[in-house]
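target.tsv, holding TSV, C-alpha atoms:
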```tsv
chain	number	residue	atom	x	y	z
A	1	MET	CA	-26.24	-23.90	-16.23
A	2	VAL	CA	-29.22	-22.98	-18.43
A	3	LEU	CA	-32.38	-22.66	-16.34
A	4	TYR	CA	-34.68	-21.63	-19.19
A	5	GLU	CA	-34.38	-20.87	-22.90
A	6	GLY	CA	-36.91	-18.72	-24.71
A	7	LYS	CA	-37.20	-17.33	-28.22
A	8	ALA	CA	-34.66	-14.53	-27.74
A	9	LYS	CA	-32.90	-15.18	-24.43
A	10	LYS	CA	-31.46	-17.79	-22.10
A	11	ILE	CA	-31.69	-17.57	-18.31
A	12	LEU	CA	-28.61	-18.94	-16.54
A	13	ARG	CA	-28.06	-19.86	-12.91
A	14	THR	CA	-25.28	-18.20	-10.87
A	15	ASP	CA	-23.56	-19.11	-7.61
A	16	ASN	CA	-25.99	-16.75	-5.88
A	17	GLU	CA	-29.45	-18.33	-5.61
A	18	ASN	CA	-31.05	-14.86	-5.78
A	19	GLU	CA	-29.36	-13.77	-9.01
A	20	PHE	CA	-29.62	-14.95	-12.61
A	21	ILE	CA	-27.82	-14.11	-15.83
A	22	VAL	CA	-29.84	-13.12	-18.89
A	23	TYR	CA	-28.07	-14.10	-22.12
A	24	TYR	CA	-29.33	-12.38	-25.28
A	25	LYS	CA	-29.45	-14.63	-28.35
A	26	ASP	CA	-29.29	-13.68	-32.03
A	27	ASP	CA	-32.58	-15.41	-32.86
A	28	ALA	CA	-35.40	-13.35	-34.31
A	29	THR	CA	-38.97	-14.66	-34.26
A	30	ALA	CA	-42.38	-13.29	-35.23
A	31	PHE	CA	-46.00	-14.45	-35.39
A	32	ASN	CA	-45.62	-16.75	-32.35
A	33	GLY	CA	-42.51	-18.37	-33.80
A	34	GLU	CA	-43.87	-19.00	-37.30
A	35	LYS	CA	-41.21	-16.74	-38.82
A	36	LYS	CA	-37.65	-17.35	-37.62
A	37	ALA	CA	-34.13	-16.22	-38.44
A	38	GLU	CA	-30.73	-15.90	-36.80
A	39	ILE	CA	-29.34	-12.39	-37.15
A	40	SER	CA	-25.72	-11.96	-36.14
A	41	SER	CA	-25.13	-9.41	-33.34
A	42	LYS	CA	-28.84	-8.86	-32.63
A	43	GLY	CA	-28.39	-10.16	-29.09
A	44	ILE	CA	-25.49	-7.80	-28.46
A	45	LEU	CA	-27.57	-4.82	-29.57
A	46	ASN	CA	-30.59	-5.84	-27.48
A	47	ASN	CA	-28.43	-6.31	-24.39
A	48	LYS	CA	-26.87	-2.85	-24.80
A	49	ILE	CA	-30.22	-1.17	-25.47
A	50	SER	CA	-32.00	-2.96	-22.60
A	51	THR	CA	-29.17	-2.01	-20.26
A	52	LYS	CA	-29.50	1.69	-21.07
A	53	ILE	CA	-33.29	1.59	-20.69
A	54	PHE	CA	-33.21	-0.29	-17.38
A	55	GLU	CA	-30.57	2.08	-16.01
A	56	ASN	CA	-32.70	5.08	-16.98
A	57	LEU	CA	-35.81	3.54	-15.40
A	58	GLU	CA	-33.90	2.81	-12.19
A	59	ARG	CA	-32.75	6.46	-12.07
A	60	GLN	CA	-36.41	7.47	-12.30
A	61	GLY	CA	-37.39	5.32	-9.33
A	62	ILE	CA	-38.81	2.30	-11.18
A	63	LYS	CA	-38.07	-0.99	-9.43
A	64	THR	CA	-36.61	-3.52	-11.87
A	65	HIS	CA	-34.79	-6.86	-11.79
A	66	TYR	CA	-31.70	-5.27	-13.38
A	67	ILE	CA	-28.42	-5.31	-11.43
A	68	LYS	CA	-25.67	-4.66	-13.96
A	69	ASN	CA	-24.34	-5.44	-17.41
A	70	ILE	CA	-21.61	-8.08	-17.26
A	71	SER	CA	-20.71	-8.72	-20.91
A	72	GLU	CA	-21.74	-7.71	-24.41
A	73	ARG	CA	-24.48	-10.38	-24.36
A	74	GLU	CA	-25.23	-10.78	-20.65
A	75	MET	CA	-26.77	-8.87	-17.79
A	76	LEU	CA	-27.00	-9.84	-14.13
A	77	VAL	CA	-30.52	-9.65	-12.72
A	78	LYS	CA	-32.39	-10.38	-9.51
A	79	LYS	CA	-34.16	-13.72	-9.43
A	80	VAL	CA	-37.89	-13.26	-9.91
A	81	ASP	CA	-40.80	-15.57	-10.53
A	82	ILE	CA	-42.34	-14.22	-13.72
A	83	LEU	CA	-46.07	-13.54	-13.58
A	84	LEU	CA	-47.91	-15.21	-16.44
A	85	LEU	CA	-49.12	-11.85	-17.68
A	86	GLU	CA	-47.86	-9.80	-20.59
A	87	VAL	CA	-48.63	-6.11	-20.29
A	88	ILE	CA	-49.03	-4.05	-23.45
A	89	VAL	CA	-49.20	-0.26	-23.61
A	90	ARG	CA	-50.37	1.49	-26.77
A	91	ASN	CA	-49.74	5.20	-27.40
A	92	ILE	CA	-50.29	5.09	-31.18
A	93	THR	CA	-52.40	2.58	-33.11
A	94	ALA	CA	-50.37	-0.19	-34.74
A	95	GLY	CA	-49.95	-3.94	-35.14
A	96	SER	CA	-52.47	-6.43	-33.79
A	97	PHE	CA	-54.67	-3.70	-32.32
A	98	CYS	CA	-55.38	-2.34	-35.80
A	99	LYS	CA	-56.15	-5.82	-37.14
A	100	ARG	CA	-58.36	-6.68	-34.20
A	101	VAL	CA	-60.59	-3.59	-34.27
A	102	GLY	CA	-60.22	-2.48	-37.90
A	103	ILE	CA	-58.62	0.89	-37.22
A	104	GLU	CA	-55.89	2.50	-39.32
A	105	GLU	CA	-52.30	2.57	-38.17
A	106	GLY	CA	-50.67	5.72	-36.82
A	107	ILE	CA	-53.49	7.37	-34.87
A	108	VAL	CA	-52.14	9.10	-31.75
A	109	LEU	CA	-54.36	8.07	-28.82
A	110	ASP	CA	-55.69	10.65	-26.38
A	111	GLU	CA	-54.62	8.39	-23.53
A	112	PRO	CA	-52.62	5.16	-23.49
A	113	ILE	CA	-54.36	1.81	-23.78
A	114	PHE	CA	-53.41	-0.78	-21.13
A	115	GLU	CA	-53.83	-4.41	-22.21
A	116	LEU	CA	-53.21	-7.76	-20.53
A	117	CYS	CA	-52.37	-11.04	-22.24
A	118	TYR	CA	-52.13	-14.52	-20.76
A	119	LYS	CA	-48.48	-15.53	-21.16
A	120	ASN	CA	-48.95	-18.96	-22.73
A	121	ASP	CA	-47.40	-19.99	-26.06
A	122	GLU	CA	-49.78	-22.94	-26.46
A	123	TYR	CA	-52.76	-20.56	-26.68
A	124	GLY	CA	-50.93	-17.79	-28.54
A	125	ASP	CA	-50.72	-15.37	-25.57
A	126	PRO	CA	-54.44	-14.46	-25.77
A	127	LEU	CA	-55.79	-11.06	-24.77
A	128	ILE	CA	-57.59	-11.17	-21.42
A	129	ASN	CA	-59.11	-8.63	-19.05
A	130	GLU	CA	-58.44	-7.95	-15.39
A	131	ASP	CA	-61.34	-10.14	-14.25
A	132	HIS	CA	-59.93	-13.05	-16.25
A	133	ALA	CA	-56.50	-12.56	-14.69
A	134	VAL	CA	-57.94	-12.61	-11.17
A	135	ALA	CA	-60.21	-15.59	-11.88
A	136	MET	CA	-57.28	-17.56	-13.34
A	137	GLY	CA	-55.11	-16.81	-10.32
A	138	LEU	CA	-52.51	-14.98	-12.41
A	139	ALA	CA	-52.50	-11.99	-10.04
A	140	THR	CA	-54.66	-10.44	-7.33
A	141	ARG	CA	-56.78	-7.35	-7.94
A	142	LYS	CA	-54.34	-5.31	-5.84
A	143	GLU	CA	-51.34	-6.64	-7.78
A	144	ILE	CA	-52.95	-5.76	-11.11
A	145	GLU	CA	-53.68	-2.24	-9.85
A	146	TYR	CA	-50.02	-1.88	-8.83
A	147	ILE	CA	-48.82	-3.24	-12.19
A	148	LYS	CA	-51.10	-0.86	-14.09
A	149	ASN	CA	-49.96	2.19	-12.10
A	150	GLU	CA	-46.31	1.21	-12.47
A	151	THR	CA	-46.77	0.54	-16.19
A	152	LEU	CA	-48.25	3.99	-16.80
A	153	LYS	CA	-45.31	5.57	-14.94
A	154	ILE	CA	-42.90	3.54	-17.07
A	155	ASN	CA	-44.72	4.69	-20.19
A	156	GLU	CA	-44.26	8.35	-19.31
A	157	VAL	CA	-40.57	7.88	-18.49
A	158	MET	CA	-39.93	5.93	-21.69
A	159	LYS	CA	-41.88	8.31	-23.93
A	160	LYS	CA	-39.68	11.19	-22.78
A	161	PHE	CA	-36.53	9.05	-22.98
A	162	PHE	CA	-37.20	8.17	-26.61
A	163	LEU	CA	-38.59	11.57	-27.61
A	164	ASP	CA	-35.25	13.09	-26.58
A	165	MET	CA	-33.79	10.83	-29.32
A	166	ASN	CA	-36.41	11.99	-31.84
A	167	LEU	CA	-38.23	8.66	-31.56
A	168	LYS	CA	-41.92	7.99	-30.95
A	169	LEU	CA	-42.77	5.17	-28.54
A	170	VAL	CA	-45.71	3.62	-30.39
A	171	ASP	CA	-46.36	0.64	-28.11
A	172	PHE	CA	-44.44	-1.85	-26.00
A	173	LYS	CA	-44.67	-5.08	-24.01
A	174	LEU	CA	-43.62	-5.54	-20.40
A	175	GLU	CA	-43.32	-8.46	-18.02
A	176	PHE	CA	-43.21	-8.38	-14.23
A	177	GLY	CA	-42.03	-10.86	-11.63
A	178	LYS	CA	-41.92	-11.33	-7.87
A	179	ASP	CA	-38.67	-11.39	-5.92
A	180	LYS	CA	-37.98	-13.54	-2.87
A	181	ASP	CA	-39.76	-11.01	-0.64
A	182	GLY	CA	-42.86	-10.86	-2.82
A	183	ASN	CA	-42.06	-7.46	-4.31
A	184	ILE	CA	-43.24	-6.97	-7.90
A	185	LEU	CA	-40.39	-5.87	-10.18
A	186	LEU	CA	-40.21	-4.99	-13.85
A	187	ALA	CA	-38.40	-7.89	-15.55
A	188	ASP	CA	-37.61	-9.47	-18.93
A	189	GLU	CA	-36.14	-7.01	-21.48
A	190	ILE	CA	-37.00	-3.68	-23.07
A	191	SER	CA	-35.62	-3.38	-26.58
A	192	PRO	CA	-36.70	-2.92	-30.21
A	193	ASP	CA	-37.84	-6.55	-29.95
A	194	THR	CA	-40.49	-5.49	-27.44
A	195	CYS	CA	-41.13	-1.84	-28.40
A	196	ARG	CA	-42.36	-0.20	-31.58
A	197	LEU	CA	-40.14	2.81	-32.23
A	198	TRP	CA	-40.74	5.22	-35.10
A	199	ASP	CA	-38.63	8.15	-36.17
A	200	LYS	CA	-40.49	11.28	-35.05
A	201	ASP	CA	-40.14	13.08	-38.39
A	202	THR	CA	-40.32	10.30	-40.98
A	203	ASN	CA	-42.17	7.50	-39.13
A	204	GLU	CA	-39.40	5.11	-40.25
A	205	LYS	CA	-39.77	1.92	-38.23
A	206	LEU	CA	-36.66	1.08	-36.19
A	207	ASP	CA	-37.96	-2.01	-34.41
A	208	LYS	CA	-38.83	-5.67	-35.01
A	209	ASP	CA	-41.48	-4.72	-37.57
A	210	ARG	CA	-38.55	-4.47	-39.98
A	211	PHE	CA	-38.28	-8.25	-39.61
A	212	ARG	CA	-42.01	-8.98	-39.28
A	213	ARG	CA	-42.94	-7.01	-42.39
A	214	ASP	CA	-39.70	-7.22	-44.40
A	215	LEU	CA	-39.22	-3.46	-44.15
A	216	GLY	CA	-35.43	-3.43	-44.28
A	217	ASP	CA	-32.33	-4.50	-42.43
A	218	LEU	CA	-33.20	-5.30	-38.81
A	219	LEU	CA	-29.70	-4.61	-37.52
A	220	ALA	CA	-29.59	-1.20	-39.16
A	221	GLY	CA	-32.73	-0.20	-37.27
A	222	TYR	CA	-31.45	-1.47	-33.92
A	223	GLU	CA	-28.04	0.12	-34.49
A	224	GLU	CA	-29.75	3.45	-35.18
A	225	VAL	CA	-31.66	3.23	-31.89
A	226	LEU	CA	-28.46	2.45	-29.95
A	227	SER	CA	-26.60	5.23	-31.74
A	228	ARG	CA	-29.22	7.78	-30.70
A	229	MET	CA	-29.01	6.54	-27.12
A	230	SER	CA	-25.26	7.06	-27.14
A	231	ASN	CA	-25.33	10.66	-28.44
```

I'd like the structure from this file rewritten - as structure tokens, please.
Amino acid sequence: MVLYEGKAKKILRTDNENEFIVYYKDDATAFNGEKKAEISSKGILNNKISTKIFENLERQGIKTHYIKNISEREMLVKKVDILLLEVIVRNITAGSFCKRVGIEEGIVLDEPIFELCYKNDEYGDPLINEDHAVAMGLATRKEIEYIKNETLKINEVMKKFFLDMNLKLVDFKLEFGKDKDGNILLADEISPDTCRLWDKDTNEKLDKDRFRRDLGDLLAGYEEVLSRMSN
């Protein structure tokens, strides 16, 4: 039974009330859904890539909702209540950050930028600060501090993980949720849909910007990322 359907995934109930199935769709969207397409096998690639990333994070001591991969499009996860916060980490200037502050793309930052957005499609997932998040009841001050510390750990693990594949982790989006005991876990997905990944030597974009900006075949970029993970 489908519990929820988003732009790129479906969340399905299981016989265990504390476990869900994440089903990865072939839909591609950009600009808050203004640009849409269905790209065959995209969901399969994102499921495989997310699986490898979650497994690596778990090995490094990061607590996630991931349990196991169960099919080419599905993974079994712990049930969490998603916090209405999107967390963005920026290591290199790109995307909306450049448009917002008028800075050129590709500048390597001395330290990562941590951003929060209010997870709300109606308002276009607006950028907010920590005071806003607390005032709106989206998280407590202590929870935000935990999320920030965990996010910066994740960033370091993922930067090394991708650098070993000759990829630069430019920026990425994370979501967190609470399990039945109130523990905050990394949730959602981590894939080229949610990360900007550039080839270290050529700066070729191997992520969803290929779709956003019409930079080439989306699947070819995602297949290249998965291929490097498998070597």

| What does the distance from atom CA of A:Glu223 to atom CA of A:Leu167 come to in Å, to one decimal? | 13.6 Å

| Counting only C-alpha atoms, which of A:Ala133, A:Leu3, A:Ile154, A:Ile92 gets nearest to A:Asn203? | A:Ile92

| said: Between atom CA of A:Met136 and atom CA of A:Tyr118, what is the distance in Å, rounded to a tenth? | reply: 9.5 Å

| task | Give the answer as one residue: which of A:Cys98, A:Leu109, A:Ala139, A:Leu57 has the shortest atom-to-atom distance to A:Leu85, using all atoms listed in the file? | result |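 Under the stated criterion, the closest residue is A:Ala139.
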
| Between A:Ile144, A:Met1, A:Ile21, A:Leu163, which has the minimum distance to A:Lys78 (counting only C-alpha atoms)? |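 Going through A:Ile144, A:Met1, A:Ile21, A:Leu163 one by one, the smallest distance to A:Lys78 is for A:Ile21.
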
| query | When distances are computed from all atoms listed in the file, which of A:Arg141, A:Lys48, A:Gly61, A:Gly177 shows the smallest separation from A:Lys153? | reply |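 Checking each candidate against A:Lys153, we get A:Gly61 as the closest.
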
| said: I need the residue nearest A:Tyr222 from this list: A:Leu127, A:Ile39, A:Val2, A:Ile11. Use all atoms listed in the file for the distance. | reply: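 Of A:Leu127, A:Ile39, A:Val2, A:Ile11, the one nearest A:Tyr222, counting all atoms listed in the file, is A:Ile39.
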
Find the residues around A:Lys159 up to 8 Å (all atoms listed in the file counted), leave out those fewer than 4 positions away in its own chain, and share them as a PDB file with C-alpha atoms, in the frame of the given file.
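File produced: out_24.pdb:
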```
ATOM      1  CA  ASN A 155     -44.720   4.690 -20.190  1.00  0.00           C
ATOM      2  CA  LEU A 163     -38.590  11.570 -27.610  1.00  0.00           C
ATOM      3  CA  LYS A 168     -41.920   7.990 -30.950  1.00  0.00           C
ATOM      4  CA  LEU A 169     -42.770   5.170 -28.540  1.00  0.00           C
TER       5      LEU A 169
END
```

| field | Atomic distance atom CA of A:Ser96 - atom CA of A:Thr151, expressed in Å with one decimal | value |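 Going from atom CA of A:Ser96 over to atom CA of A:Thr151 covers 19.8 Å.
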
| note | A:Asp121 proximity check over A:Phe211, A:Tyr23, A:Tyr4, A:Phe31, using all atoms listed in the file: winner is A:Phe31

| message | Excluding A:Asp110 and its own-chain neighbours fewer than 2 positions away, which residues fall within 10 Å of it when counting all atoms listed in the file? Please give them as an MDAnalysis selection string. | response | chainID A and resid 91:92 107:108 112:113
